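What's in my_file.txt: compact mmCIF, C-alpha atoms and all ligand atoms
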# COMPACT_ATOMS: atom_id res chain seq x y z
CA MET A 1 -0.61 16.25 -46.54
CA ALA A 2 -3.17 14.86 -44.08
CA LEU A 3 -1.78 11.95 -42.09
CA THR A 4 -4.09 9.17 -40.92
CA TYR A 5 -2.84 6.20 -38.96
CA LYS A 6 -3.89 3.32 -36.71
CA ALA A 7 -3.76 3.78 -32.94
CA ALA A 8 -4.80 1.84 -29.83
CA VAL A 9 -7.45 4.05 -28.19
CA LEU A 10 -8.89 3.71 -24.70
CA HIS A 11 -12.38 5.22 -24.40
CA ALA A 12 -13.19 4.23 -20.80
CA THR A 13 -11.43 2.62 -17.86
CA LYS A 14 -11.72 -1.15 -17.43
CA SER A 15 -12.53 -1.57 -21.11
CA GLU A 16 -10.60 -2.92 -24.08
CA LEU A 17 -8.51 -0.68 -26.29
CA SER A 18 -9.88 -0.31 -29.78
CA ILE A 19 -7.71 -0.09 -32.86
CA GLU A 20 -8.90 2.90 -34.83
CA THR A 21 -7.85 5.01 -37.75
CA VAL A 22 -7.13 8.47 -36.37
CA HIS A 23 -6.26 11.79 -37.99
CA ALA A 24 -3.11 13.71 -37.16
CA THR A 25 -3.30 17.47 -36.70
CA ASP A 26 -0.56 19.67 -38.11
CA PRO A 27 2.83 19.30 -36.42
CA ALA A 28 4.32 22.36 -34.70
CA PRO A 29 7.49 23.82 -36.25
CA GLY A 30 9.63 22.16 -33.57
CA ASP A 31 8.04 18.72 -33.98
CA VAL A 32 9.21 15.55 -35.64
CA VAL A 33 6.91 12.93 -37.11
CA VAL A 34 8.04 9.47 -36.03
CA ARG A 35 6.84 6.28 -37.67
CA ILE A 36 6.67 3.85 -34.74
CA LYS A 37 8.34 0.49 -35.37
CA ALA A 38 8.03 -1.09 -31.93
CA ALA A 39 6.33 -0.25 -28.63
CA GLY A 40 6.45 -2.06 -25.29
CA LEU A 41 3.52 -2.57 -22.93
CA CYS A 42 4.28 -1.16 -19.48
CA HIS A 43 2.46 -1.38 -16.13
CA THR A 44 1.73 2.35 -16.25
CA ASP A 45 -0.46 1.81 -19.34
CA LEU A 46 -2.21 -0.91 -17.36
CA GLU A 47 -2.85 1.53 -14.50
CA VAL A 48 -4.65 3.84 -16.91
CA ILE A 49 -6.74 0.93 -18.19
CA ASP A 50 -7.73 -0.20 -14.71
CA GLY A 51 -8.33 3.39 -13.55
CA SER A 52 -5.77 3.66 -10.76
CA LEU A 53 -3.96 6.31 -12.83
CA ARG A 54 -6.56 8.82 -13.96
CA ASN A 55 -6.29 10.35 -17.42
CA PRO A 56 -8.79 12.07 -19.71
CA MET A 57 -10.29 9.99 -22.51
CA PRO A 58 -10.33 9.05 -25.32
CA ILE A 59 -6.59 8.51 -25.06
CA VAL A 60 -3.86 6.77 -27.05
CA LEU A 61 -1.81 4.67 -24.61
CA GLY A 62 1.84 3.64 -24.96
CA HIS A 63 5.01 5.41 -23.84
CA GLU A 64 7.90 3.01 -24.55
CA ALA A 65 8.68 3.18 -28.25
CA ALA A 66 11.21 3.38 -31.05
CA GLY A 67 10.82 4.32 -34.68
CA VAL A 68 12.08 6.19 -37.72
CA VAL A 69 11.89 9.94 -38.23
CA GLU A 70 9.77 10.65 -41.30
CA ARG A 71 9.40 14.43 -41.11
CA VAL A 72 11.32 17.18 -39.33
CA GLY A 73 9.78 20.57 -38.61
CA PRO A 74 11.71 23.72 -39.62
CA GLU A 75 12.57 24.47 -35.97
CA ALA A 76 13.40 20.90 -34.87
CA ARG A 77 17.04 20.40 -33.96
CA GLY A 78 19.24 17.35 -33.49
CA VAL A 79 17.31 14.86 -35.66
CA ALA A 80 17.10 14.18 -39.37
CA VAL A 81 14.73 12.27 -41.63
CA GLY A 82 15.65 8.58 -41.55
CA ASP A 83 17.17 8.68 -38.04
CA HIS A 84 16.26 5.83 -35.72
CA VAL A 85 14.96 7.24 -32.46
CA VAL A 86 13.86 6.11 -29.01
CA LEU A 87 11.13 8.30 -27.54
CA SER A 88 11.39 9.94 -24.13
CA TRP A 89 8.26 10.54 -22.04
CA ASN A 90 9.90 13.31 -20.04
CA PRO A 91 9.88 16.53 -22.10
CA HIS A 92 11.08 19.41 -19.94
CA CYS A 93 11.41 23.16 -20.25
CA GLY A 94 15.08 23.37 -19.25
CA HIS A 95 14.73 26.59 -17.25
CA CYS A 96 12.32 26.11 -14.32
CA PHE A 97 13.36 25.65 -10.67
CA TYR A 98 13.72 21.86 -11.02
CA CYS A 99 15.28 21.75 -14.49
CA ASP A 100 17.83 24.20 -13.15
CA ARG A 101 18.60 21.71 -10.35
CA ASP A 102 19.10 18.80 -12.76
CA LEU A 103 15.71 17.24 -12.00
CA PRO A 104 13.86 17.31 -15.34
CA ILE A 105 11.53 14.62 -13.97
CA LEU A 106 10.14 17.35 -11.69
CA CYS A 107 10.03 20.03 -14.42
CA GLU A 108 7.15 22.34 -13.55
CA SER A 109 5.69 22.34 -17.08
CA TYR A 110 6.11 18.56 -17.40
CA LEU A 111 4.34 17.81 -14.12
CA GLY A 112 1.81 20.60 -14.52
CA GLN A 113 0.51 19.40 -17.87
CA ALA A 114 0.92 15.61 -17.44
CA PRO A 115 -2.67 15.09 -16.13
CA LEU A 116 -4.06 16.81 -19.24
CA ALA A 117 -2.51 14.14 -21.53
CA VAL A 118 -1.67 16.65 -24.25
CA GLN A 119 1.64 17.20 -26.01
CA PHE A 120 4.20 19.45 -24.34
CA ASP A 121 2.93 22.66 -25.99
CA GLY A 122 -0.53 22.02 -24.50
CA ALA A 123 -2.19 20.79 -27.71
CA SER A 124 -3.27 17.39 -28.95
CA ARG A 125 -1.78 16.02 -32.16
CA ALA A 126 -4.62 13.74 -33.25
CA ARG A 127 -8.39 13.44 -33.61
CA LEU A 128 -10.81 10.58 -33.88
CA ARG A 129 -12.62 10.03 -37.17
CA ASP A 130 -15.65 11.91 -35.74
CA GLY A 131 -13.48 14.95 -34.97
CA ARG A 132 -13.19 14.47 -31.21
CA GLU A 133 -9.80 15.38 -29.78
CA LEU A 134 -7.55 12.52 -28.74
CA LYS A 135 -5.36 12.58 -25.65
CA HIS A 136 -1.82 11.15 -25.55
CA LEU A 137 -0.50 9.27 -22.54
CA MET A 138 2.75 10.63 -21.07
CA TYR A 139 3.32 13.13 -23.88
CA LEU A 140 3.58 10.25 -26.36
CA GLY A 141 0.64 7.94 -27.06
CA ALA A 142 3.02 5.53 -28.73
CA LEU A 143 0.77 2.51 -29.27
CA ALA A 144 0.16 3.90 -32.71
CA GLU A 145 1.72 3.87 -36.16
CA TYR A 146 2.82 7.49 -35.69
CA CYS A 147 3.82 9.85 -32.91
CA ILE A 148 4.23 13.58 -33.41
CA VAL A 149 6.52 14.97 -30.71
CA PRO A 150 8.87 17.87 -30.06
CA ALA A 151 12.38 17.03 -31.24
CA GLN A 152 13.67 16.88 -27.64
CA GLN A 153 11.61 13.69 -27.12
CA ALA A 154 13.10 11.83 -30.11
CA ILE A 155 16.58 10.61 -29.25
CA VAL A 156 18.79 9.30 -32.03
CA VAL A 157 20.24 5.82 -31.46
CA PRO A 158 22.47 3.62 -33.66
CA LYS A 159 20.64 2.04 -36.59
CA GLU A 160 22.12 -1.40 -35.84
CA LEU A 161 19.98 -1.84 -32.73
CA PRO A 162 16.71 -3.66 -33.61
CA PHE A 163 13.62 -1.57 -32.91
CA ASP A 164 12.00 -4.22 -30.68
CA GLN A 165 14.99 -3.99 -28.32
CA ALA A 166 15.48 -0.23 -28.71
CA CYS A 167 11.94 0.61 -27.60
CA LEU A 168 12.57 -0.88 -24.15
CA ILE A 169 15.18 1.81 -23.50
CA GLY A 170 12.37 4.40 -23.53
CA CYS A 171 10.90 3.36 -20.17
CA GLY A 172 11.65 0.10 -18.34
CA VAL A 173 15.34 -0.19 -19.17
CA MET A 174 16.09 3.48 -18.56
CA THR A 175 14.30 3.26 -15.22
CA GLY A 176 16.12 0.12 -14.03
CA VAL A 177 19.61 0.59 -15.43
CA GLY A 178 19.46 4.31 -14.69
CA ALA A 179 18.58 3.65 -11.05
CA ALA A 180 21.83 1.69 -10.72
CA LEU A 181 24.05 4.00 -12.79
CA ASN A 182 22.59 7.47 -12.19
CA VAL A 183 20.63 7.41 -8.96
CA ALA A 184 22.31 4.94 -6.58
CA SER A 185 25.97 5.27 -5.76
CA ILE A 186 27.04 1.65 -6.23
CA GLN A 187 30.70 1.04 -5.49
CA HIS A 188 32.86 -1.67 -7.05
CA GLY A 189 32.46 -4.81 -5.00
CA ASP A 190 29.11 -3.80 -3.49
CA ALA A 191 26.30 -6.20 -2.65
CA VAL A 192 23.11 -5.00 -4.34
CA MET A 193 19.70 -6.50 -3.75
CA VAL A 194 17.06 -6.05 -6.46
CA ILE A 195 13.46 -6.75 -5.43
CA GLY A 196 11.23 -7.73 -8.34
CA SER A 197 12.34 -9.42 -11.55
CA GLY A 198 10.04 -7.74 -14.06
CA ALA A 199 11.40 -5.52 -16.82
CA VAL A 200 12.58 -2.76 -14.46
CA GLY A 201 14.09 -5.20 -11.94
CA LEU A 202 15.89 -7.21 -14.63
CA ALA A 203 17.26 -3.97 -16.04
CA ALA A 204 18.35 -2.97 -12.53
CA VAL A 205 20.16 -6.29 -12.09
CA GLN A 206 22.09 -5.57 -15.27
CA GLY A 207 22.70 -1.97 -14.25
CA ALA A 208 24.07 -3.10 -10.89
CA ARG A 209 26.58 -5.34 -12.68
CA MET A 210 27.50 -2.50 -15.06
CA ALA A 211 28.11 -0.29 -12.00
CA GLY A 212 30.58 -2.84 -10.59
CA ALA A 213 28.51 -4.68 -7.98
CA GLU A 214 30.06 -8.02 -7.12
CA THR A 215 27.05 -9.60 -5.43
CA VAL A 216 23.63 -9.09 -6.98
CA ILE A 217 20.76 -10.71 -5.13
CA ALA A 218 17.52 -10.97 -7.10
CA VAL A 219 14.29 -11.37 -5.15
CA ASP A 220 10.98 -12.43 -6.66
CA LEU A 221 8.07 -14.80 -6.08
CA ALA A 222 8.39 -16.62 -9.42
CA GLU A 223 11.09 -19.20 -10.13
CA ASP A 224 11.17 -18.55 -13.89
CA LYS A 225 11.77 -14.83 -13.35
CA LEU A 226 14.53 -15.60 -10.84
CA ARG A 227 16.20 -17.90 -13.37
CA LEU A 228 16.11 -15.09 -15.91
CA ALA A 229 17.59 -12.69 -13.33
CA GLN A 230 20.48 -15.11 -12.86
CA LYS A 231 20.98 -15.39 -16.61
CA LEU A 232 21.18 -11.58 -16.73
CA GLY A 233 23.80 -11.28 -14.00
CA ALA A 234 22.28 -11.92 -10.58
CA THR A 235 24.76 -13.92 -8.53
CA HIS A 236 22.05 -15.13 -6.13
CA ALA A 237 18.29 -15.61 -6.31
CA VAL A 238 15.93 -15.58 -3.35
CA ASN A 239 12.33 -16.71 -3.69
CA ALA A 240 10.38 -14.55 -1.23
CA ALA A 241 7.53 -17.06 -1.28
CA LYS A 242 9.80 -19.74 0.17
CA GLU A 243 12.63 -18.02 2.04
CA ASN A 244 13.10 -15.33 4.65
CA VAL A 245 14.63 -12.61 2.47
CA VAL A 246 16.25 -10.64 5.29
CA GLU A 247 17.97 -13.74 6.65
CA ALA A 248 19.13 -14.68 3.16
CA VAL A 249 20.63 -11.26 2.42
CA ARG A 250 22.37 -11.15 5.82
CA ARG A 251 23.84 -14.61 5.19
CA LEU A 252 25.33 -13.31 1.93
CA THR A 253 26.73 -10.08 3.41
CA SER A 254 28.52 -11.15 6.60
CA GLY A 255 25.41 -10.29 8.59
CA ARG A 256 25.30 -6.63 7.53
CA GLY A 257 22.61 -6.40 4.86
CA ALA A 258 22.88 -5.12 1.30
CA ASP A 259 24.91 -2.00 0.50
CA VAL A 260 22.20 -0.92 -1.94
CA VAL A 261 18.61 -2.11 -2.35
CA LEU A 262 16.79 -1.37 -5.60
CA GLU A 263 13.05 -1.96 -5.30
CA ALA A 264 11.11 -2.74 -8.50
CA ALA A 265 8.13 -4.76 -7.29
CA GLY A 266 5.68 -2.05 -6.26
CA SER A 267 3.99 -3.69 -3.29
CA PRO A 268 3.80 -2.58 0.36
CA ARG A 269 5.57 -5.80 1.31
CA ALA A 270 8.44 -5.02 -1.07
CA PHE A 271 8.76 -1.44 0.21
CA ARG A 272 8.88 -2.70 3.81
CA LEU A 273 11.51 -5.24 2.89
CA THR A 274 13.84 -2.58 1.47
CA SER A 275 14.63 -0.91 4.78
CA GLU A 276 14.93 -4.25 6.58
CA ALA A 277 17.39 -5.67 4.05
CA VAL A 278 19.69 -2.69 3.60
CA ARG A 279 22.74 -2.36 5.85
CA PRO A 280 23.26 0.57 8.25
CA GLY A 281 24.40 3.54 6.17
CA GLY A 282 23.22 1.80 3.01
CA GLU A 283 21.03 3.13 0.26
CA VAL A 284 17.50 2.24 -0.84
CA ILE A 285 16.00 3.31 -4.17
CA TRP A 286 12.26 2.80 -4.68
CA LEU A 287 11.29 2.37 -8.34
CA GLY A 288 7.96 0.56 -8.03
CA LYS A 289 4.71 2.18 -7.07
CA THR A 290 1.48 1.33 -5.37
CA ASP A 291 -1.82 3.22 -5.33
CA VAL A 292 -1.10 6.84 -4.34
CA ASN A 293 -3.71 6.71 -1.57
CA GLU A 294 -2.45 3.46 -0.07
CA ASP A 295 -0.67 3.54 3.31
CA VAL A 296 2.63 1.68 3.59
CA ALA A 297 3.84 0.85 7.10
CA PHE A 298 7.48 0.52 8.19
CA ARG A 299 9.05 -0.72 11.38
CA TRP A 300 10.66 2.44 12.76
CA GLY A 301 13.81 0.62 13.77
CA SER A 302 14.39 -0.41 10.17
CA LEU A 303 14.57 3.24 9.10
CA MET A 304 17.32 4.21 11.56
CA GLN A 305 21.10 3.91 11.35
CA GLU A 306 21.90 6.46 8.66
CA LYS A 307 19.98 4.69 5.92
CA ARG A 308 19.29 6.75 2.81
CA ILE A 309 15.98 6.20 1.05
CA ARG A 310 15.15 7.74 -2.29
CA ARG A 311 12.37 7.50 -4.85
CA SER A 312 13.16 7.58 -8.57
CA SER A 313 10.76 7.54 -11.52
CA TYR A 314 12.92 7.48 -14.66
CA GLY A 315 16.34 6.35 -13.48
CA GLY A 316 17.70 9.90 -13.38
CA ALA A 317 17.22 9.94 -17.14
CA ARG A 318 19.05 12.45 -19.25
CA PRO A 319 17.80 10.90 -22.49
CA LEU A 320 20.27 12.58 -24.82
CA ARG A 321 23.16 11.20 -22.78
CA ASP A 322 21.63 7.90 -21.61
CA PHE A 323 19.64 6.45 -24.52
CA PRO A 324 22.64 6.23 -26.89
CA MET A 325 24.78 4.88 -24.01
CA LEU A 326 22.21 2.14 -23.31
CA ALA A 327 21.95 1.35 -27.03
CA ARG A 328 25.74 0.98 -27.26
CA ALA A 329 25.77 -1.24 -24.16
CA ALA A 330 23.19 -3.47 -25.85
CA LEU A 331 25.19 -3.59 -29.08
CA ASP A 332 28.41 -4.42 -27.17
CA GLY A 333 26.73 -7.28 -25.31
CA ARG A 334 26.93 -5.56 -21.90
CA LEU A 335 23.14 -5.15 -21.70
CA ASP A 336 20.76 -7.92 -22.72
CA LEU A 337 17.54 -6.47 -24.10
CA GLU A 338 16.48 -9.48 -26.13
CA ASP A 339 15.79 -11.58 -23.04
CA LEU A 340 13.38 -8.94 -21.72
CA ILE A 341 11.06 -9.55 -24.68
CA THR A 342 8.52 -12.24 -23.82
CA ALA A 343 6.40 -11.86 -26.94
CA ARG A 344 6.19 -9.89 -30.15
CA ILE A 345 2.61 -9.04 -31.00
CA SER A 346 0.62 -7.02 -33.51
CA LEU A 347 -1.27 -3.83 -32.59
CA GLU A 348 -4.49 -5.85 -32.93
CA GLN A 349 -3.26 -8.17 -30.14
CA VAL A 350 -2.67 -5.34 -27.69
CA ASN A 351 -5.50 -6.35 -25.32
CA GLU A 352 -4.12 -9.88 -25.03
CA GLY A 353 -0.71 -8.34 -24.36
CA PHE A 354 -2.06 -6.26 -21.48
CA ALA A 355 -3.93 -9.27 -20.10
CA ALA A 356 -0.66 -11.25 -20.04
CA LEU A 357 1.13 -8.36 -18.30
CA LYS A 358 -1.64 -8.19 -15.69
CA ARG A 359 -1.38 -11.93 -15.03
CA GLY A 360 2.36 -11.48 -14.48
CA GLU A 361 3.15 -13.73 -17.42
CA ALA A 362 5.06 -11.26 -19.55
CA ILE A 363 8.26 -9.36 -18.86
CA ARG A 364 7.64 -7.25 -21.95
CA SER A 365 5.22 -7.81 -24.78
CA VAL A 366 6.36 -5.66 -27.67
CA VAL A 367 4.01 -4.48 -30.39
CA VAL A 368 5.88 -4.69 -33.67
CA PHE A 369 4.54 -2.53 -36.49
C1 LIG A 401 6.14 5.81 -14.35
C2 LIG A 401 6.72 6.16 -13.03
C3 LIG A 401 5.82 7.04 -12.22
C4 LIG A 401 5.33 8.23 -12.97
C5 LIG A 401 4.74 7.87 -14.28
C6 LIG A 401 5.65 6.99 -15.09
N1 LIG A 401 7.10 5.12 -15.07
C7 LIG A 401 6.91 4.38 -16.13
O1 LIG A 401 6.00 3.82 -16.60
ZN ZN A 402 6.53 2.75 -18.39

Just give me the structure of the file as structure tokens.
Ligand code: CXF
Ligand code: ZN
Amino acid sequence: MALTYKAAVLHATKSELSIETVHATDPAPGDVVVRIKAAGLCHTDLEVIDGSLRNPMPIVLGHEAAGVVERVGPEARGVAVGDHVVLSWNPHCGHCFYCDRDLPILCESYLGQAPLAVQFDGASRARLRDGRELKHLMYLGALAEYCIVPAQQAIVVPKELPFDQACLIGCGVMTGVGAALNVASIQHGDAVMVIGSGAVGLAAVQGARMAGAETVIAVDLAEDKLRLAQKLGATHAVNAAKENVVEAVRRLTSGRGADVVLEAAGSPRAFRLTSEAVRPGGEVIWLGKTDVNEDVAFRWGSLMQEKRIRRSSYGGARPLRDFPMLARAALDGRLDLEDLITARISLEQVNEGFAALKRGEAIRSVVVF
């Protein structure tokens, strides 16, 4: 049966997405057909729109989504029709050099094919009405009523979790909470500084508390975001527009600096701050990003003294293990997802949603289908 559905399609950089009826191609035997119920708008989608992240066009954006499984291919394992799933944007082969070293985010097939914006088997799963092939951002293209993905990308989560909260687990929450739980080695009683109070930073604040940090210092330029960080578990808030952040963190840590710094702001100033604010022997995790061709300068002295600096792109995600864990944490009240949702919008409002994200007004706008 031919499947047609609505999708948010980008035809050219710096233009608006158009909502179009598109035609699915036949699923592969290992695929599942997921009816999308909610999808968050992330900065990475915005980078494709503004052209700083190059992708072929026309392309369906969106990579943070949850939905219901409607069809399961004969070779798909681990999911059943009716399951509620959160989608992962990191399919991986499981047997290359990096998969073998527990780094699926560096999987050779995943990285090799990502710029092509196809599904993991190298083919597209949808066409425009005129027959032209559609591309899918980050192996998903989830700003659409349907996503056809290999079963490994559809992770079953408890049905009690509302879809608008569940979708956030697929990117921003996994990245932030995962940085604290999987990537950093936060010890009970640690002082953790989190730079940036957007979706990833607010998830990192919560992850730091889950990991046992006693002091969590949120840093941002906006008072309302800092207030939200405090509501979500930050013990201190520092407004970098008004205060000297390094002095503030030293004051709160007996002069040493933070044990762990999680960066989620994505600006050269924020990156520079990380190595200044961390204590000798402490750990820095960079989550944000800036243009790949931009230079970022550091004071050499700030990089000395046994500091450990690491970059992470998906919070060390092992989706099968982590997505259900994050869903349970949300259901138990240990992880607040509701407060990350600034607005619920329709697919037709997606351009307004991206404009709000660009202006820094939204933590997460969630398209609800
Ligand atoms: C990004 C992180 C850098 C690689 C692409 C995906 N994360 C989420 O949007
Ligand atoms: Zn994202």

Could you please extract the residues within 8 Å of ligand ZN 402 (chain A), counting all atoms listed in the file, and hand them back as a PyMOL selection string?
chain A and resi 41-45+63-64+170-172

Residues within 7 Å of (15.8, 2.0, -3.3), counting all atoms listed in the file, listed as a list in words:
Val261, Leu262, Glu263, Thr274, Glu283, Val284, Ile285, Trp286, Leu287, Ile309, Arg310 and Arg311 of chain A

Same residues, C-alpha atoms, output as a PDB file, keeping the file's coordinate frame:
ATOM      1  CA  VAL A 261      18.610  -2.110  -2.350  1.00  0.00           C
ATOM      2  CA  LEU A 262      16.790  -1.370  -5.600  1.00  0.00           C
ATOM      3  CA  GLU A 263      13.050  -1.960  -5.300  1.00  0.00           C
ATOM      4  CA  THR A 274      13.840  -2.580   1.470  1.00  0.00           C
ATOM      5  CA  GLU A 283      21.030   3.130   0.260  1.00  0.00           C
ATOM      6  CA  VAL A 284      17.500   2.240  -0.840  1.00  0.00           C
ATOM      7  CA  ILE A 285      16.000   3.310  -4.170  1.00  0.00           C
ATOM      8  CA  TRP A 286      12.260   2.800  -4.680  1.00  0.00           C
ATOM      9  CA  LEU A 287      11.290   2.370  -8.340  1.00  0.00           C
ATOM     10  CA  ILE A 309      15.980   6.200   1.050  1.00  0.00           C
ATOM     11  CA  ARG A 310      15.150   7.740  -2.290  1.00  0.00           C
ATOM     12  CA  ARG A 311      12.370   7.500  -4.850  1.00  0.00           C
TER      13      ARG A 311
END

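Of the residues under consideration (A:Ala317, A:Leu337, A:Val22, A:Ala203), A:Ala317 shows the shortest atom-to-atom contact distance to Asn182 of chain A when counting all atoms listed in the file.
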
I want to know what sits within 10 Å of Thr215 of chain A, based on all atoms listed in the file, with residues of the same chain fewer than 6 positions away left out; could you give that as an mmCIF file with C-alpha atoms, in the frame of the given file?
data_model
loop_
_atom_site.group_PDB
_atom_site.id
_atom_site.type_symbol
_atom_site.label_atom_id
_atom_site.label_comp_id
_atom_site.auth_asym_id
_atom_site.auth_seq_id
_atom_site.Cartn_x
_atom_site.Cartn_y
_atom_site.Cartn_z
ATOM 1 C CA HIS A 188 32.860 -1.670 -7.050
ATOM 2 C CA GLY A 189 32.460 -4.810 -5.000
ATOM 3 C CA ASP A 190 29.110 -3.800 -3.490
ATOM 4 C CA ALA A 191 26.300 -6.200 -2.650
ATOM 5 C CA VAL A 192 23.110 -5.000 -4.340
ATOM 6 C CA MET A 193 19.700 -6.500 -3.750
ATOM 7 C CA ALA A 208 24.070 -3.100 -10.890
ATOM 8 C CA ARG A 209 26.580 -5.340 -12.680
ATOM 9 C CA GLY A 233 23.800 -11.280 -14.000
ATOM 10 C CA ALA A 234 22.280 -11.920 -10.580
ATOM 11 C CA THR A 235 24.760 -13.920 -8.530
ATOM 12 C CA HIS A 236 22.050 -15.130 -6.130
ATOM 13 C CA LEU A 252 25.330 -13.310 1.930
ATOM 14 C CA THR A 253 26.730 -10.080 3.410
ATOM 15 C CA ALA A 258 22.880 -5.120 1.300
ATOM 16 C CA ASP A 259 24.910 -2.000 0.500
#

Please define a box with edges along x, y and z of the file around all atoms of ligand LIG 401 (chain A) given in the file, extend it by 5 Å on each side, and return its centre and edge lengths in Å to one decimal, as lines of an AutoDock Vina configuration file.
center_x = 5.9
center_y = 6.0
center_z = -14.4
size_x = 12.4
size_y = 14.4
size_z = 14.4

Minimum-distance residue to Gln152 of chain A, chosen among A:Ile19, A:Leu168, A:Val72, A:Ala117 (using all atoms listed in the file):
A:Val72

List the spatial neighbours of Ile363 of chain A as a ChimeraX atom specification - criterion: any atom at most 12 Å away, all atoms listed in the file, same-chain residues fewer than 5 positions off excluded.
/A:40-43,168,172-173,196-203,222,224-226,228-229,337-344,353-354,356-358

Provide the atom CA of Ala144 of chain A to atom CA of Asp291 of chain A distance in Å, to one decimal place.
27.5 Å

Separation of atom CA of Ile36 of chain A from atom CA of Val69 of chain A, in Å and rounded to one decimal
8.7 Å

Can you pull out every residue within 6 Å of segment 237-245 of chain A, counting only C-alpha atoms, but drop anything in the same chain fewer than 5 positions away, and send it as a PyMOL selection string?
chain A and resi 217-221+226
